[in-house]
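File shown here: work.pdb, holding PDB, C-alpha atoms.
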```
ATOM      1  CA  MET S 117     -29.352  -9.109 -18.119
ATOM      2  CA  ASP S 118     -29.248  -6.023 -20.319
ATOM      3  CA  ILE S 119     -28.689  -3.008 -18.036
ATOM      4  CA  ASN S 120     -27.554   0.355 -19.334
ATOM      5  CA  TYR S 121     -24.013   1.263 -18.274
ATOM      6  CA  GLU S 122     -25.223   4.722 -17.216
ATOM      7  CA  LEU S 123     -27.289   3.145 -14.431
ATOM      8  CA  TYR S 124     -24.212   1.479 -12.986
ATOM      9  CA  LYS S 125     -22.307   4.756 -13.334
ATOM     10  CA  VAL S 126     -24.952   6.600 -11.313
ATOM     11  CA  PHE S 127     -24.924   3.776  -8.739
ATOM     12  CA  TYR S 128     -21.126   4.072  -8.405
ATOM     13  CA  TYR S 129     -21.207   7.797  -7.694
ATOM     14  CA  VAL S 130     -24.015   7.480  -5.152
ATOM     15  CA  ALA S 131     -22.365   4.458  -3.483
ATOM     16  CA  THR S 132     -18.950   6.097  -3.156
ATOM     17  CA  SER S 133     -20.306   9.449  -1.911
ATOM     18  CA  LEU S 134     -23.338   8.065  -0.028
ATOM     19  CA  SER S 135     -25.174  11.147  -1.201
ATOM     20  CA  PHE S 136     -27.708  11.604  -3.992
ATOM     21  CA  SER S 137     -27.070  15.331  -4.109
ATOM     22  CA  GLU S 138     -23.274  14.904  -4.281
ATOM     23  CA  ALA S 139     -23.650  12.313  -7.050
ATOM     24  CA  SER S 140     -25.838  14.719  -9.051
ATOM     25  CA  LYS S 141     -23.120  17.390  -8.799
ATOM     26  CA  GLN S 142     -20.394  15.011  -9.932
ATOM     27  CA  LEU S 143     -22.487  13.693 -12.821
ATOM     28  CA  PHE S 144     -23.912  17.126 -13.804
ATOM     29  CA  ILE S 145     -27.476  15.821 -13.756
ATOM     30  CA  SER S 146     -30.451  16.627 -11.533
ATOM     31  CA  GLN S 147     -30.966  14.897  -8.206
ATOM     32  CA  SER S 148     -34.328  13.586  -9.411
ATOM     33  CA  ALA S 149     -32.552  11.971 -12.393
ATOM     34  CA  VAL S 150     -30.142  10.295  -9.976
ATOM     35  CA  SER S 151     -33.019   8.990  -7.851
ATOM     36  CA  GLN S 152     -34.886   7.721 -10.903
ATOM     37  CA  SER S 153     -31.789   5.921 -12.194
ATOM     38  CA  ILE S 154     -31.285   4.158  -8.854
ATOM     39  CA  LYS S 155     -34.958   3.140  -8.734
ATOM     40  CA  THR S 156     -34.679   1.751 -12.269
ATOM     41  CA  LEU S 157     -31.539  -0.229 -11.397
ATOM     42  CA  GLU S 158     -33.097  -1.607  -8.210
ATOM     43  CA  LYS S 159     -36.175  -2.671 -10.189
ATOM     44  CA  LYS S 160     -34.066  -4.428 -12.827
ATOM     45  CA  LEU S 161     -31.996  -6.207 -10.147
ATOM     46  CA  ASP S 162     -35.135  -6.869  -8.105
ATOM     47  CA  GLN S 163     -33.624  -5.802  -4.777
ATOM     48  CA  PRO S 164     -32.875  -2.580  -2.868
ATOM     49  CA  LEU S 165     -29.345  -1.162  -3.074
ATOM     50  CA  PHE S 166     -29.632   1.728  -0.626
ATOM     51  CA  ILE S 167     -31.245   2.434   2.731
ATOM     52  CA  ARG S 168     -32.593   5.957   2.481
ATOM     53  CA  SER S 169     -33.319   8.237   5.406
ATOM     54  CA  THR S 170     -33.669  11.986   5.880
ATOM     55  CA  LYS S 171     -30.153  12.303   7.322
ATOM     56  CA  LYS S 172     -28.026   9.751   5.477
ATOM     57  CA  VAL S 173     -27.806   7.115   2.771
ATOM     58  CA  GLN S 174     -26.407   3.642   3.415
ATOM     59  CA  LEU S 175     -25.675   0.662   1.210
ATOM     60  CA  THR S 176     -27.698  -2.490   1.712
ATOM     61  CA  PRO S 177     -25.820  -5.820   1.787
ATOM     62  CA  ALA S 178     -26.726  -6.229  -1.895
ATOM     63  CA  GLY S 179     -25.421  -2.725  -2.614
ATOM     64  CA  LYS S 180     -22.108  -3.518  -0.917
ATOM     65  CA  VAL S 181     -21.712  -6.644  -3.039
ATOM     66  CA  LEU S 182     -22.490  -4.754  -6.225
ATOM     67  CA  LEU S 183     -20.027  -1.972  -5.363
ATOM     68  CA  LYS S 184     -17.201  -4.500  -4.968
ATOM     69  CA  HIS S 185     -17.690  -5.406  -8.630
ATOM     70  CA  ILE S 186     -18.598  -2.005 -10.031
ATOM     71  CA  GLU S 187     -15.716  -0.059  -8.441
ATOM     72  CA  PRO S 188     -12.890  -1.998 -10.183
ATOM     73  CA  ALA S 189     -14.771  -1.718 -13.487
ATOM     74  CA  MET S 190     -15.165   2.045 -13.130
ATOM     75  CA  ASN S 191     -11.507   2.440 -12.182
ATOM     76  CA  LEU S 192     -10.485   0.376 -15.200
ATOM     77  CA  ILE S 193     -12.579   2.512 -17.552
ATOM     78  CA  GLN S 194     -11.169   5.726 -16.057
ATOM     79  CA  ARG S 195      -7.610   4.397 -16.350
ATOM     80  CA  GLY S 196      -8.215   3.432 -19.971
ATOM     81  CA  GLU S 197      -9.553   6.882 -20.779
ATOM     82  CA  SER S 198      -6.583   8.547 -19.052
ATOM     83  CA  GLN S 199      -4.072   6.385 -20.891
ATOM     84  CA  LEU S 200      -5.621   7.199 -24.253
ATOM     85  CA  LEU S 201      -5.783  10.929 -23.527
ATOM     86  CA  ASP S 202      -2.230  11.033 -22.163
ATOM     87  CA  SER S 203      -0.757   8.888 -24.931
ATOM     88  CA  GLY S 204      -2.219  11.175 -27.563
ATOM     89  CA  SER S 205      -0.042  14.058 -26.440
ATOM     90  CA  LEU S 206       2.761  12.525 -24.387
ATOM     91  CA  GLY S 207       3.660   9.251 -26.070
ATOM     92  CA  LEU S 208       2.982   7.146 -22.962
ATOM     93  CA  GLY S 209       0.089   7.093 -20.515
ATOM     94  CA  GLN S 210       0.289   8.080 -16.855
ATOM     95  CA  LEU S 211       2.272   5.859 -14.493
ATOM     96  CA  HIS S 212       0.413   5.265 -11.216
ATOM     97  CA  ILE S 213       2.263   3.370  -8.471
ATOM     98  CA  GLY S 214       1.064   2.253  -5.054
ATOM     99  CA  ALA S 215       3.699   1.924  -2.322
ATOM    100  CA  SER S 216       4.344   2.663   1.331
ATOM    101  CA  ASP S 217       6.061   5.940   2.116
ATOM    102  CA  THR S 218       9.157   4.026   3.302
ATOM    103  CA  ILE S 219       9.515   2.013   0.099
ATOM    104  CA  CYS S 220       8.844   5.114  -1.967
ATOM    105  CA  ARG S 221      11.436   7.231  -0.183
ATOM    106  CA  TYR S 222      14.231   4.717   0.346
ATOM    107  CA  PHE S 223      13.805   2.382  -2.625
ATOM    108  CA  LEU S 224      11.715   3.858  -5.439
ATOM    109  CA  VAL S 225      13.073   7.408  -5.695
ATOM    110  CA  PRO S 226      16.178   6.500  -7.796
ATOM    111  CA  TYR S 227      14.039   4.514 -10.259
ATOM    112  CA  LEU S 228      11.398   7.248 -10.444
ATOM    113  CA  LYS S 229      14.235   9.652 -11.227
ATOM    114  CA  GLN S 230      15.495   7.381 -14.024
ATOM    115  CA  PHE S 231      12.006   7.007 -15.455
ATOM    116  CA  HIS S 232      11.333  10.755 -15.335
ATOM    117  CA  LYS S 233      14.652  11.474 -17.038
ATOM    118  CA  LYS S 234      13.864   8.966 -19.796
ATOM    119  CA  PHE S 235      10.203  10.019 -20.195
ATOM    120  CA  PRO S 236      10.005  13.623 -18.897
ATOM    121  CA  ASN S 237       6.498  14.236 -20.238
ATOM    122  CA  VAL S 238       4.854  11.200 -18.660
ATOM    123  CA  PRO S 239       2.814  12.058 -15.541
ATOM    124  CA  ILE S 240       3.834  10.043 -12.468
ATOM    125  CA  LYS S 241       1.409   9.519  -9.610
ATOM    126  CA  VAL S 242       2.252   7.721  -6.360
ATOM    127  CA  THR S 243      -0.377   6.662  -3.834
ATOM    128  CA  ASN S 244       0.971   5.975  -0.346
ATOM    129  CA  ALA S 245      -0.587   3.080   1.537
ATOM    130  CA  THR S 246       0.488   0.209   3.754
ATOM    131  CA  SER S 247       1.746  -2.888   1.973
ATOM    132  CA  LEU S 248      -1.497  -4.711   2.798
ATOM    133  CA  SER S 249      -3.655  -1.827   1.547
ATOM    134  CA  CYS S 250      -1.645  -1.666  -1.680
ATOM    135  CA  VAL S 251      -3.030  -5.072  -2.639
ATOM    136  CA  ASP S 252      -6.569  -3.689  -2.362
ATOM    137  CA  LEU S 253      -5.617  -0.724  -4.575
ATOM    138  CA  LEU S 254      -4.301  -3.140  -7.179
ATOM    139  CA  ASP S 255      -7.351  -5.413  -7.014
ATOM    140  CA  GLN S 256      -9.652  -2.416  -7.449
ATOM    141  CA  GLY S 257      -7.717  -1.179 -10.482
ATOM    142  CA  LYS S 258      -6.834   2.122  -8.811
ATOM    143  CA  VAL S 259      -3.096   1.801  -9.562
ATOM    144  CA  ASP S 260      -1.039   0.340 -12.404
ATOM    145  CA  LEU S 261       1.382  -1.527 -10.159
ATOM    146  CA  ILE S 262       2.434  -1.755  -6.548
ATOM    147  CA  VAL S 263       5.813  -2.172  -4.888
ATOM    148  CA  THR S 264       5.371  -3.783  -1.512
ATOM    149  CA  ASN S 265       6.886  -5.991   1.130
ATOM    150  CA  PHE S 266       6.749  -9.742   0.754
ATOM    151  CA  PRO S 267       5.171 -12.029   1.913
ATOM    152  CA  ASN S 268       1.851 -10.645   0.745
ATOM    153  CA  SER S 269      -1.261 -11.878  -1.046
ATOM    154  CA  ASN S 270      -0.810 -13.568  -4.446
ATOM    155  CA  LEU S 271       1.836 -11.220  -5.823
ATOM    156  CA  ASN S 272       4.163 -11.844  -8.727
ATOM    157  CA  HIS S 273       7.314 -10.195 -10.100
ATOM    158  CA  SER S 274       9.816 -10.561  -7.231
ATOM    159  CA  TYR S 275      12.581  -8.000  -7.039
ATOM    160  CA  ILE S 276      15.201  -6.779  -4.615
ATOM    161  CA  GLN S 277      16.081  -8.826  -1.553
ATOM    162  CA  ASN S 278      16.510  -7.078   1.791
ATOM    163  CA  THR S 279      17.059  -7.807   5.468
ATOM    164  CA  ASP S 280      15.418  -6.235   8.481
ATOM    165  CA  VAL S 281      17.692  -5.070  11.311
ATOM    166  CA  PHE S 282      17.556  -3.936  14.921
ATOM    167  CA  ILE S 283      19.293  -0.590  15.453
ATOM    168  CA  ALA S 284      20.259   1.328  18.577
ATOM    169  CA  ASN S 285      22.345   4.260  19.775
ATOM    170  CA  PRO S 286      25.548   3.009  21.528
ATOM    171  CA  ALA S 287      25.393   5.950  23.922
ATOM    172  CA  TYR S 288      22.252   4.439  25.470
ATOM    173  CA  PHE S 289      22.629   0.700  24.795
ATOM    174  CA  ASN S 290      26.004  -0.942  25.429
ATOM    175  CA  LEU S 291      25.356  -3.861  23.084
ATOM    176  CA  LYS S 292      27.631  -3.131  20.159
ATOM    177  CA  GLN S 293      30.047  -6.017  20.775
ATOM    178  CA  GLN S 294      27.381  -8.525  21.797
ATOM    179  CA  GLU S 295      25.219 -11.108  20.079
ATOM    180  CA  ILE S 296      21.856 -11.084  21.822
ATOM    181  CA  PRO S 297      19.272 -13.895  21.818
ATOM    182  CA  PHE S 298      15.634 -12.951  21.205
ATOM    183  CA  GLU S 299      14.794 -13.972  24.793
ATOM    184  CA  GLU S 300      17.096 -11.242  26.112
ATOM    185  CA  LEU S 301      16.309  -8.733  23.366
ATOM    186  CA  LYS S 302      12.604  -8.645  24.201
ATOM    187  CA  GLN S 303      13.495  -7.309  27.667
ATOM    188  CA  TYR S 304      14.617  -4.050  26.035
ATOM    189  CA  PRO S 305      12.181  -1.373  24.772
ATOM    190  CA  ILE S 306      11.429  -2.377  21.186
ATOM    191  CA  LEU S 307      10.306   0.236  18.663
ATOM    192  CA  MET S 308       8.544  -1.053  15.552
ATOM    193  CA  LEU S 309       5.845  -0.444  12.978
ATOM    194  CA  ASP S 310       2.226  -0.979  13.969
ATOM    195  CA  ARG S 311       0.342  -4.249  13.531
ATOM    196  CA  LYS S 312      -1.168  -3.174  10.196
ATOM    197  CA  SER S 313       2.227  -3.524   8.500
ATOM    198  CA  THR S 314       3.694  -6.689   6.995
ATOM    199  CA  THR S 315       7.005  -5.851   8.708
ATOM    200  CA  SER S 316       5.317  -5.965  12.121
ATOM    201  CA  GLN S 317       3.544  -9.221  11.293
ATOM    202  CA  PHE S 318       6.848 -10.673  10.116
ATOM    203  CA  LEU S 319       8.639  -9.889  13.406
ATOM    204  CA  HIS S 320       5.776 -11.056  15.634
ATOM    205  CA  ASN S 321       5.608 -14.346  13.714
ATOM    206  CA  LEU S 322       9.389 -14.733  13.953
ATOM    207  CA  PHE S 323       9.285 -14.421  17.740
ATOM    208  CA  LEU S 324       6.340 -16.838  17.953
ATOM    209  CA  GLN S 325       8.395 -19.393  16.031
ATOM    210  CA  HIS S 326      10.794 -19.279  18.995
ATOM    211  CA  GLN S 327       7.904 -19.556  21.492
ATOM    212  CA  LEU S 328       8.319 -15.916  22.501
ATOM    213  CA  GLU S 329       5.738 -13.141  22.763
ATOM    214  CA  LEU S 330       6.895  -9.756  21.553
ATOM    215  CA  ILE S 331       5.424  -6.728  23.328
ATOM    216  CA  PRO S 332       6.792  -3.532  21.727
ATOM    217  CA  GLN S 333       7.309  -0.387  23.754
ATOM    218  CA  ILE S 334       6.278   1.885  20.873
ATOM    219  CA  GLU S 335       4.410   1.169  17.619
ATOM    220  CA  LEU S 336       4.376   3.787  14.850
ATOM    221  CA  SER S 337       3.447   4.071  11.191
ATOM    222  CA  SER S 338       6.767   5.617  10.090
ATOM    223  CA  ASN S 339      10.248   4.099   9.872
ATOM    224  CA  ASP S 340      11.695   7.621   9.870
ATOM    225  CA  LEU S 341      10.201   8.231  13.311
ATOM    226  CA  LEU S 342      11.490   4.891  14.543
ATOM    227  CA  ILE S 343      15.007   5.902  13.485
ATOM    228  CA  ASP S 344      14.642   9.299  15.174
ATOM    229  CA  LEU S 345      13.474   7.712  18.426
ATOM    230  CA  ALA S 346      16.286   5.150  18.346
ATOM    231  CA  ARG S 347      18.725   8.007  17.829
ATOM    232  CA  ILE S 348      17.601   9.739  21.041
ATOM    233  CA  GLY S 349      17.788   6.486  22.993
ATOM    234  CA  LEU S 350      14.113   5.618  23.519
ATOM    235  CA  GLY S 351      14.680   2.032  22.479
ATOM    236  CA  ILE S 352      15.883  -0.486  19.894
ATOM    237  CA  ALA S 353      14.154   0.009  16.544
ATOM    238  CA  PHE S 354      13.317  -2.660  13.978
ATOM    239  CA  ILE S 355      13.561  -1.357  10.392
ATOM    240  CA  PRO S 356      14.431  -2.546   6.857
ATOM    241  CA  ASP S 357      18.179  -2.298   6.222
ATOM    242  CA  TYR S 358      17.699  -0.072   3.161
ATOM    243  CA  CYS S 359      16.383   2.684   5.476
ATOM    244  CA  LEU S 360      19.829   3.095   7.046
ATOM    245  CA  SER S 361      21.731   5.934   5.420
ATOM    246  CA  ARG S 362      25.373   6.886   5.535
ATOM    247  CA  GLU S 363      24.408   9.646   7.947
ATOM    248  CA  SER S 364      23.354   7.066  10.567
ATOM    249  CA  LYS S 365      26.827   6.892  12.141
ATOM    250  CA  ASP S 366      25.370   7.410  15.615
ATOM    251  CA  LEU S 367      23.426   4.155  15.265
ATOM    252  CA  PHE S 368      24.624   0.555  15.102
ATOM    253  CA  ILE S 369      23.045  -2.739  14.074
ATOM    254  CA  VAL S 370      22.257  -4.958  17.058
ATOM    255  CA  LYS S 371      23.421  -8.490  16.319
ATOM    256  CA  THR S 372      21.039 -11.271  17.300
ATOM    257  CA  LYS S 373      21.859 -14.865  18.077
ATOM    258  CA  GLU S 374      18.920 -16.043  15.987
ATOM    259  CA  LYS S 375      19.300 -15.340  12.283
ATOM    260  CA  LEU S 376      16.907 -12.807  10.775
ATOM    261  CA  PRO S 377      15.597 -14.296   7.504
ATOM    262  CA  SER S 378      15.953 -12.244   4.346
ATOM    263  CA  ARG S 379      12.783 -10.901   2.782
ATOM    264  CA  GLN S 380      11.849  -9.583  -0.620
ATOM    265  CA  MET S 381      10.017  -6.655  -2.033
ATOM    266  CA  VAL S 382       7.766  -7.359  -4.970
ATOM    267  CA  ALA S 383       6.493  -5.261  -7.804
ATOM    268  CA  ALA S 384       3.097  -6.570  -8.846
ATOM    269  CA  ILE S 385       0.574  -5.885 -11.552
ATOM    270  CA  ASN S 386      -3.017  -7.041 -11.789
ATOM    271  CA  PRO S 387      -2.884 -10.013 -14.211
ATOM    272  CA  THR S 388      -6.554  -9.552 -15.134
ATOM    273  CA  LEU S 389      -6.018  -6.003 -16.462
ATOM    274  CA  PRO S 390      -4.122  -4.663 -19.493
ATOM    275  CA  VAL S 391      -0.581  -3.489 -18.713
ATOM    276  CA  SER S 392       0.132   0.059 -19.832
ATOM    277  CA  GLN S 393       3.277   0.890 -21.782
ATOM    278  CA  SER S 394       4.404   3.182 -18.956
ATOM    279  CA  THR S 395       4.186   0.296 -16.504
ATOM    280  CA  GLU S 396       6.208  -1.970 -18.809
ATOM    281  CA  GLU S 397       8.912   0.663 -19.169
ATOM    282  CA  PHE S 398       9.117   1.248 -15.432
ATOM    283  CA  LEU S 399       9.350  -2.465 -14.633
ATOM    284  CA  LYS S 400      12.376  -2.699 -16.930
ATOM    285  CA  LEU S 401      14.251  -0.308 -14.620
ATOM    286  CA  LEU S 402      13.790  -2.372 -11.462
ATOM    287  CA  PRO S 403      16.553  -4.835 -10.472
ATOM    288  CA  THR S 404      15.371  -8.430 -10.615
ATOM    289  CA  ILE S 405      16.885 -11.105  -8.391
TER     290      ILE S 405
END
```

What does the file become when written as structure tokens?
Amino acid sequence: MDINYELYKVFYYVATSLSFSEASKQLFISQSAVSQSIKTLEKKLDQPLFIRSTKKVQLTPAGKVLLKHIEPAMNLIQRGESQLLDSGSLGLGQLHIGASDTICRYFLVPYLKQFHKKFPNVPIKVTNATSLSCVDLLDQGKVDLIVTNFPNSNLNHSYIQNTDVFIANPAYFNLKQQEIPFEELKQYPILMLDRKSTTSQFLHNLFLQHQLELIPQIELSSNDLLIDLARIGLGIAFIPDYCLSRESKDLFIVKTKEKLPSRQMVAAINPTLPVSQSTEEFLKLLPTI
């Protein structure tokens, strides 16, 4: 089917803004031109893409399906344009990484520093998202690569190995010289990341493997907050070991009778998309295992 790219472009802007008027502003064309383009596309595809009303615009089921395919294509085109424009003046195109705030702060910062020192004129953009959401960013072509916790969905390029740990303040929990089984540990207030995180899923699954149900006292979206709350004695926090700094002398690692399996972080690219030179250079800096 021969459909003009401009029709899909108009569809993308209307679908992502759910507004004909907003799409016309972004495209610098009249609202009537936007409406006509959508009507033409719907006629060519022989099905409605939007539900129109006086107050709002909604995607039809067909429109939602089409957006899933159009959005990655638009992102890929925009990334290609950016890389060409940036490379013309800077030598390398922009580096765009998706990662959680924890991985960015505690793991990526030294490598971002190295990359910036080596290529000071290359723009670096970091999008914070949960490890699970990072996969969606990669699939949609919104980022060049992601660094995320493993296990995750169909990711390649494994890198640094890490272990998760339970931490507590000895002033509130007299457990420093003990080795505690999970059965006893779950009686204490457990502080952990919320269910949307792979770290939370990992710990819940680990307890289920031992026929135990884990009911956390507090669930948050920040490891930094978990550390702060453990420091003031609100409970025993579960965090990646690389989050512990030298300044955490008022905290200790709670030893468990059951072994906590090691995990990995992975840096992943989308194998269906071209890899930018900036991405290749950054991947060279990461420590492989």

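Using the PyMOL selection byres ((chain S and resi 133-142) around 10) on the file at hand returns these residues: S:Lys125, S:Val126, S:Phe127, S:Tyr128, S:Tyr129, S:Val130, S:Ala131, S:Thr132, S:Leu143, S:Phe144, S:Ile145, S:Ser146, S:Gln147, S:Ser148, S:Ala149, S:Val150, S:Ser151, S:Ile154, S:Phe166, S:Arg168, S:Lys171, S:Lys172, S:Val173, S:Gln174, S:Leu175.
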
Hey, which of S:Val281, S:Leu389, S:Leu328, S:Cys359 ends up closest to Leu376 (chain S)? Count only C-alpha atoms.
S:Val281

Using only C-alpha atoms, pick whichever of S:Pro297, S:Pro377, S:Pro236, S:Gly214 has the shortest atom-to-atom distance to Ile262 (chain S).
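Residue with the minimum atom-to-atom distance to Ile262 (chain S): S:Gly214.
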
I'd like the interatomic distance between CA of Tyr304 (chain S) and CA of Leu336 (chain S), to a tenth of an Å.
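Interatomic distance here is 17.1 Å.
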
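Proximity of S:Val242, S:Ile385, S:Leu342, S:Leu161 to Gln256 (chain S), computed with all atoms listed in the file, is greatest for S:Ile385.
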
Between S:Lys233, S:Met308, S:Leu402, S:Thr156, single out the one closest to His320 (chain S), counting all atoms listed in the file.
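Checking each of S:Lys233, S:Met308, S:Leu402, S:Thr156 against His320 (chain S), counting all atoms listed in the file, the winner is S:Met308.
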